[in-house]
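Shown below: start.pdb, with PDB, C-alpha atoms and all ligand atoms.
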```
ATOM      1  CA  MET S  17       7.449 -20.408  14.407
ATOM      2  CA  MET S  18       5.220 -23.468  14.764
ATOM      3  CA  GLN S  19       4.192 -22.130  18.152
ATOM      4  CA  SER S  20       2.970 -18.773  16.867
ATOM      5  CA  LEU S  21       1.363 -20.370  13.821
ATOM      6  CA  ASN S  22      -0.536 -22.854  15.969
ATOM      7  CA  ASP S  23      -1.572 -20.134  18.418
ATOM      8  CA  ILE S  24      -3.046 -18.122  15.549
ATOM      9  CA  ARG S  25      -4.768 -21.127  14.008
ATOM     10  CA  ARG S  26      -6.321 -22.078  17.324
ATOM     11  CA  THR S  27      -7.916 -18.678  17.727
ATOM     12  CA  LEU S  28      -9.243 -18.275  14.173
ATOM     13  CA  PRO S  29     -12.928 -19.088  13.698
ATOM     14  CA  SER S  30     -13.345 -22.078  11.387
ATOM     15  CA  ASP S  31     -14.900 -19.966   8.628
ATOM     16  CA  VAL S  32     -11.943 -17.574   8.475
ATOM     17  CA  LYS S  33      -9.243 -18.481   5.959
ATOM     18  CA  LEU S  34      -5.627 -17.899   6.954
ATOM     19  CA  VAL S  35      -3.277 -16.609   4.268
ATOM     20  CA  CYS S  36       0.345 -16.631   5.351
ATOM     21  CA  VAL S  37       2.182 -13.511   4.163
ATOM     22  CA  SER S  38       5.661 -14.717   3.256
ATOM     23  CA  LYS S  39       7.210 -11.511   1.890
ATOM     24  CA  TYR S  40      10.725 -10.953   3.318
ATOM     25  CA  GLN S  41      10.809 -14.582   4.563
ATOM     26  CA  THR S  42      13.318 -17.185   3.458
ATOM     27  CA  VAL S  43      12.404 -20.244   1.435
ATOM     28  CA  ASP S  44      13.311 -22.395   4.449
ATOM     29  CA  ALA S  45      10.925 -20.525   6.723
ATOM     30  CA  ILE S  46       8.131 -20.798   4.139
ATOM     31  CA  GLN S  47       8.829 -24.514   3.754
ATOM     32  CA  GLU S  48       8.500 -24.898   7.509
ATOM     33  CA  ALA S  49       5.068 -23.258   7.498
ATOM     34  CA  TYR S  50       4.095 -25.433   4.539
ATOM     35  CA  ASP S  51       5.185 -28.565   6.395
ATOM     36  CA  ALA S  52       2.991 -27.402   9.273
ATOM     37  CA  GLY S  53       0.027 -27.490   6.887
ATOM     38  CA  VAL S  54      -0.235 -23.983   5.455
ATOM     39  CA  LYS S  55      -1.033 -24.045   1.735
ATOM     40  CA  ASP S  56      -1.906 -20.383   1.078
ATOM     41  CA  PHE S  57       0.970 -17.898   0.895
ATOM     42  CA  ALA S  58       1.018 -14.256  -0.195
ATOM     43  CA  GLU S  59       3.735 -12.139  -1.742
ATOM     44  CA  SER S  60       3.793  -8.468  -2.654
ATOM     45  CA  ARG S  61       6.529  -8.371  -5.301
ATOM     46  CA  VAL S  62       6.483 -10.256  -8.577
ATOM     47  CA  GLN S  63      10.242 -10.969  -8.809
ATOM     48  CA  GLU S  64      10.377 -12.298  -5.247
ATOM     49  CA  LEU S  65       7.301 -14.431  -5.834
ATOM     50  CA  LEU S  66       8.693 -15.994  -9.021
ATOM     51  CA  LYS S  67      12.002 -16.809  -7.376
ATOM     52  CA  LYS S  68      10.463 -18.387  -4.295
ATOM     53  CA  ARG S  69       7.876 -20.335  -6.229
ATOM     54  CA  GLU S  70      10.615 -22.156  -8.161
ATOM     55  CA  GLN S  71      12.071 -23.498  -4.937
ATOM     56  CA  LEU S  72       8.864 -24.462  -3.151
ATOM     57  CA  PRO S  73       6.173 -27.154  -3.507
ATOM     58  CA  ARG S  74       4.000 -26.823  -6.591
ATOM     59  CA  ASP S  75       0.717 -27.184  -4.754
ATOM     60  CA  ILE S  76       1.130 -23.920  -2.836
ATOM     61  CA  ARG S  77      -1.713 -21.500  -3.570
ATOM     62  CA  TRP S  78       0.011 -18.188  -4.221
ATOM     63  CA  HIS S  79      -1.804 -14.917  -3.522
ATOM     64  CA  PHE S  80      -0.650 -11.528  -4.754
ATOM     65  CA  ILE S  81      -1.153  -8.639  -2.319
ATOM     66  CA  GLY S  82       1.109  -5.817  -3.532
ATOM     67  CA  HIS S  83       0.719  -3.097  -6.082
ATOM     68  CA  LEU S  84       0.756  -4.961  -9.401
ATOM     69  CA  GLN S  85       2.191  -3.226 -12.450
ATOM     70  CA  THR S  86       0.443  -4.140 -15.681
ATOM     71  CA  ASN S  87       3.758  -5.010 -17.364
ATOM     72  CA  LYS S  88       4.274  -7.772 -14.786
ATOM     73  CA  VAL S  89       0.814  -9.349 -14.919
ATOM     74  CA  ARG S  90       1.769 -11.864 -17.603
ATOM     75  CA  GLN S  91       4.452 -13.456 -15.414
ATOM     76  CA  ILE S  92       2.086 -14.519 -12.652
ATOM     77  CA  ILE S  93      -0.988 -15.406 -14.724
ATOM     78  CA  PRO S  94       0.011 -19.051 -15.360
ATOM     79  CA  PHE S  95      -0.138 -19.996 -11.675
ATOM     80  CA  ILE S  96      -1.565 -17.262  -9.435
ATOM     81  CA  HIS S  97      -4.438 -18.398  -7.172
ATOM     82  CA  LEU S  98      -5.885 -15.029  -6.134
ATOM     83  CA  ILE S  99      -4.865 -11.474  -6.988
ATOM     84  CA  GLN S 100      -6.057  -9.547  -3.936
ATOM     85  CA  SER S 101      -4.842  -6.102  -4.893
ATOM     86  CA  VAL S 102      -6.743  -5.001  -7.992
ATOM     87  CA  ASP S 103      -6.738  -1.235  -7.594
ATOM     88  CA  SER S 104      -7.735   0.025 -11.040
ATOM     89  CA  VAL S 105      -9.971  -0.830 -13.974
ATOM     90  CA  HIS S 106      -6.903  -0.657 -16.183
ATOM     91  CA  LEU S 107      -5.245  -3.451 -14.162
ATOM     92  CA  LEU S 108      -8.452  -5.511 -14.155
ATOM     93  CA  GLU S 109      -8.668  -5.308 -17.958
ATOM     94  CA  CYS S 110      -5.006  -6.217 -18.296
ATOM     95  CA  ILE S 111      -5.479  -9.303 -16.092
ATOM     96  CA  ASN S 112      -8.487 -10.324 -18.172
ATOM     97  CA  ARG S 113      -6.540  -9.958 -21.426
ATOM     98  CA  GLU S 114      -3.541 -11.938 -20.193
ATOM     99  CA  ALA S 115      -5.751 -14.599 -18.637
ATOM    100  CA  GLU S 116      -7.568 -15.002 -21.929
ATOM    101  CA  LYS S 117      -4.274 -15.561 -23.750
ATOM    102  CA  ALA S 118      -3.248 -18.118 -21.144
ATOM    103  CA  GLU S 119      -6.696 -19.749 -21.234
ATOM    104  CA  ARG S 120      -7.181 -19.322 -17.495
ATOM    105  CA  THR S 121      -9.853 -17.715 -15.373
ATOM    106  CA  ILE S 122      -8.337 -15.649 -12.584
ATOM    107  CA  ASP S 123     -10.021 -14.843  -9.267
ATOM    108  CA  VAL S 124      -9.421 -11.323  -7.993
ATOM    109  CA  LEU S 125     -10.384  -9.063  -5.104
ATOM    110  CA  LEU S 126     -11.014  -5.343  -5.420
ATOM    111  CA  GLU S 127      -8.737  -3.398  -3.096
ATOM    112  CA  VAL S 128     -10.700  -0.670  -1.377
ATOM    113  CA  HIS S 129      -9.055   2.259   0.324
ATOM    114  CA  VAL S 130     -10.640   2.866   3.724
ATOM    115  CA  ALA S 131      -7.620   3.957   5.770
ATOM    116  CA  GLN S 132      -6.911   7.533   6.777
ATOM    117  CA  GLU S 133      -3.540   7.672   5.041
ATOM    118  CA  ASP S 134      -3.743   8.589   1.396
ATOM    119  CA  THR S 135      -0.541   6.682   0.740
ATOM    120  CA  LYS S 136      -2.507   3.472   0.450
ATOM    121  CA  THR S 137      -3.862   2.499  -2.963
ATOM    122  CA  GLY S 138      -7.249   1.169  -3.928
ATOM    123  CA  PHE S 139     -10.755   2.163  -4.906
ATOM    124  CA  SER S 140     -12.593   4.552  -2.626
ATOM    125  CA  GLU S 141     -16.165   4.858  -1.425
ATOM    126  CA  ALA S 142     -16.666   7.485  -4.123
ATOM    127  CA  ASP S 143     -16.103   4.757  -6.726
ATOM    128  CA  PHE S 144     -18.980   2.695  -5.357
ATOM    129  CA  GLU S 145     -21.344   2.934  -8.328
ATOM    130  CA  MET S 146     -18.549   2.163 -10.739
ATOM    131  CA  LEU S 147     -17.536  -0.845  -8.618
ATOM    132  CA  GLN S 148     -21.101  -2.083  -8.594
ATOM    133  CA  THR S 149     -21.150  -1.934 -12.384
ATOM    134  CA  LEU S 150     -17.799  -3.729 -12.518
ATOM    135  CA  VAL S 151     -18.996  -6.526 -10.264
ATOM    136  CA  GLN S 152     -22.225  -6.933 -12.234
ATOM    137  CA  THR S 153     -20.580  -6.950 -15.656
ATOM    138  CA  PRO S 154     -18.976 -10.338 -16.225
ATOM    139  CA  LEU S 155     -15.503 -10.437 -17.756
ATOM    140  CA  THR S 156     -14.523 -13.399 -19.908
ATOM    141  CA  ASN S 157     -11.492 -14.521 -17.896
ATOM    142  CA  VAL S 158     -11.683 -12.806 -14.506
ATOM    143  CA  ARG S 159     -13.991 -13.518 -11.579
ATOM    144  CA  ILE S 160     -14.304 -10.676  -9.078
ATOM    145  CA  VAL S 161     -14.905 -12.615  -5.882
ATOM    146  CA  GLY S 162     -14.601 -10.055  -3.111
ATOM    147  CA  VAL S 163     -12.865  -7.158  -1.443
ATOM    148  CA  MET S 164      -9.478  -6.582   0.193
ATOM    149  CA  ALA S 165      -8.807  -3.780   2.639
ATOM    150  CA  MET S 166      -6.220  -2.442   5.053
ATOM    151  CA  ALA S 167      -6.910  -0.335   8.115
ATOM    152  CA  SER S 168      -5.114   2.843   9.094
ATOM    153  CA  HIS S 169      -1.684   2.340  10.583
ATOM    154  CA  THR S 170      -2.505   3.450  14.113
ATOM    155  CA  GLU S 171      -2.764   2.198  17.675
ATOM    156  CA  GLU S 172      -6.188   3.747  17.930
ATOM    157  CA  GLU S 173      -8.508   0.766  17.999
ATOM    158  CA  SER S 174     -11.673   2.739  17.314
ATOM    159  CA  ARG S 175     -10.121   4.103  14.116
ATOM    160  CA  ILE S 176      -9.167   0.594  12.959
ATOM    161  CA  ARG S 177     -12.640  -0.680  13.778
ATOM    162  CA  ALA S 178     -14.225   2.173  11.804
ATOM    163  CA  ASP S 179     -12.013   1.438   8.770
ATOM    164  CA  PHE S 180     -12.839  -2.283   8.766
ATOM    165  CA  SER S 181     -16.490  -1.590   9.267
ATOM    166  CA  LYS S 182     -16.472   0.745   6.261
ATOM    167  CA  ALA S 183     -14.860  -1.982   4.144
ATOM    168  CA  ALA S 184     -17.373  -4.553   5.386
ATOM    169  CA  THR S 185     -20.275  -2.298   4.430
ATOM    170  CA  LEU S 186     -18.892  -1.853   0.916
ATOM    171  CA  TYR S 187     -18.326  -5.616   0.644
ATOM    172  CA  ASN S 188     -21.840  -6.464   1.803
ATOM    173  CA  GLN S 189     -23.352  -4.058  -0.714
ATOM    174  CA  LEU S 190     -21.200  -5.289  -3.592
ATOM    175  CA  PHE S 191     -21.469  -8.993  -2.744
ATOM    176  CA  PRO S 192     -24.887  -9.558  -1.139
ATOM    177  CA  ASN S 193     -24.605 -13.270  -1.940
ATOM    178  CA  GLY S 194     -21.261 -13.620  -0.213
ATOM    179  CA  GLY S 195     -17.664 -13.852  -1.311
ATOM    180  CA  THR S 196     -14.279 -13.103   0.168
ATOM    181  CA  LEU S 197     -13.622 -10.228   2.557
ATOM    182  CA  SER S 198      -9.867 -10.165   3.064
ATOM    183  CA  MET S 199      -8.769  -7.922   5.906
ATOM    184  CA  GLY S 200      -6.675  -8.160   9.040
ATOM    185  CA  MET S 201      -2.905  -8.429   9.498
ATOM    186  CA  SER S 202      -0.690  -9.397  12.464
ATOM    187  CA  ASP S 203      -1.619  -6.413  14.625
ATOM    188  CA  ASP S 204      -5.294  -6.025  13.821
ATOM    189  CA  TYR S 205      -6.764  -9.322  12.630
ATOM    190  CA  PRO S 206      -9.029  -9.901  15.674
ATOM    191  CA  ILE S 207     -10.668  -6.526  14.997
ATOM    192  CA  ALA S 208     -11.023  -7.399  11.299
ATOM    193  CA  ILE S 209     -12.684 -10.723  12.111
ATOM    194  CA  ALA S 210     -15.099  -9.017  14.487
ATOM    195  CA  ALA S 211     -15.997  -6.666  11.616
ATOM    196  CA  GLY S 212     -16.730  -9.582   9.281
ATOM    197  CA  ALA S 213     -13.480 -10.627   7.590
ATOM    198  CA  ASN S 214     -13.484 -14.204   6.284
ATOM    199  CA  MET S 215      -9.851 -14.103   5.129
ATOM    200  CA  VAL S 216      -6.884 -12.737   7.098
ATOM    201  CA  ARG S 217      -3.380 -12.037   5.797
ATOM    202  CA  ILE S 218      -0.850 -12.617   8.543
ATOM    203  CA  GLY S 219       2.920 -12.379   8.163
ATOM    204  CA  SER S 220       5.223 -11.177  10.922
ATOM    205  CA  LYS S 221       3.234 -12.750  13.732
ATOM    206  CA  ILE S 222       3.578 -16.206  12.185
ATOM    207  CA  PHE S 223       7.303 -15.927  11.507
ATOM    208  CA  MET S 224       8.434 -14.184  14.684
ATOM    209  CA  SER S 225      11.062 -16.169  16.610
TER     210      SER S 225
HETATM  211  C1  LIG B   1       2.708  -7.201   4.647
HETATM  212  C2  LIG B   1       1.267  -7.310   4.401
HETATM  213  C3  LIG B   1       0.445  -8.070   5.248
HETATM  214  C4  LIG B   1       0.969  -8.792   6.485
HETATM  215  O1  LIG B   1       1.429  -7.884   7.438
HETATM  216  P1  LIG B   1       1.962  -8.408   8.870
HETATM  217  O2  LIG B   1       1.899  -7.206   9.720
HETATM  218  O3  LIG B   1       3.349  -8.906   8.628
HETATM  219  O4  LIG B   1       1.053  -9.484   9.330
HETATM  220  C5  LIG B   1      -0.899  -8.163   4.931
HETATM  221  N1  LIG B   1      -1.415  -7.548   3.862
HETATM  222  C6  LIG B   1      -0.666  -6.790   3.031
HETATM  223  C7  LIG B   1      -1.318  -6.137   1.869
HETATM  224  C8  LIG B   1       0.689  -6.644   3.272
HETATM  225  O5  LIG B   1       1.421  -5.886   2.447
END
```

Show how you would write the structure in this file as structure tokens.
Ligand SMILES: *Cc1c(COP(=O)(O)O)cnc(C)c1O
Amino acid sequence: MMQSLNDIRRTLPSDVKLVCVSKYQTVDAIQEAYDAGVKDFAESRVQELLKKREQLPRDIRWHFIGHLQTNKVRQIIPFIHLIQSVDSVHLLECINREAEKAERTIDVLLEVHVAQEDTKTGFSEADFEMLQTLVQTPLTNVRIVGVMAMASHTEEESRIRADFSKAATLYNQLFPNGGTLSMGMSDDYPIAIAAGANMVRIGSKIFMS
């Protein structure tokens, strides 16, 4: 695992943040990546995240990248570092409310849907004006700091490039002063970086073998 992790780290530009996606991985494997210097880990299910967090070092920065149900927000608010998958205004308002109760300010990314498949969740280009209003209207306990996106699940590189480029355009319009553009996974992160990603979320490629 160290080998693949180091290979990835060597090829990432210094301004691109690596988030290690630890869903499906054992606590031991996560600990190994932590010992190798990774501090940012991402999970996509609340129960799994809570269970793993109990058994791992407290200074891990936990990211949430899955569909988040509002009735589970409260459980992650005390510690979550970045919620990357905000896909509705309803969820955003719920996070703000729970963060206020917990006296925290939570950083979030807006998940935008740019892939071909309509199975993926997130805001669409049609929501652009509403997103602009969201970003420009401060909430008391949430900071919207950027955009998260996933490309179509395809081998077709031009399609992936087009998806990432669409997300980058939205990001640049919403955050002209900069922020976080989280896109790129094991199979497509070089394309995402070329399109402007400054955060990548890599799982299987780190943990293989
Ligand atoms: C699983 C997942 C990843 C990582 O995928 P890999 O192919 O294992 O690198 C990244 N982002 C999201 C939202 C995911 O669900």

Nearby residues, ligand LIG 1 (chain B), 7 Å, only C-alpha atoms and all ligand atoms, as a ChimeraX atom specification: /S:37,39,60,81-82,166,201-203,217-221

The PyMOL selection byres (((chain S and resi 90-99) around 6) and not hetatm) applied to the shown file, residues as an MDAnalysis selection string: chainID S and resid 77:80 88:89 100:101 114 123:124

Neighbouring residues of Ser20 in chain S were defined as those with any atom within 8 Å, considering only C-alpha atoms; residues of the same chain fewer than 3 positions away were excluded. Please report them as a list in words. Met17, Asp23, Ile24, Lys221, Ile222, Phe223 and Met224 of chain S

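Residues matched by the PyMOL selection byres (((chain S and resi 74) around 12) and not hetatm) in this file: Gln47, Tyr50, Lys55, Asp56, Lys68, Arg69, Glu70, Gln71, Leu72, Pro73, Asp75, Ile76, Arg77, Trp78, Phe95, Ile96 and His97 of chain S.
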
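Reported to one decimal place, the separation of CA of Gln63 in chain S from CA of Asp134 in chain S is 26.1 Å.
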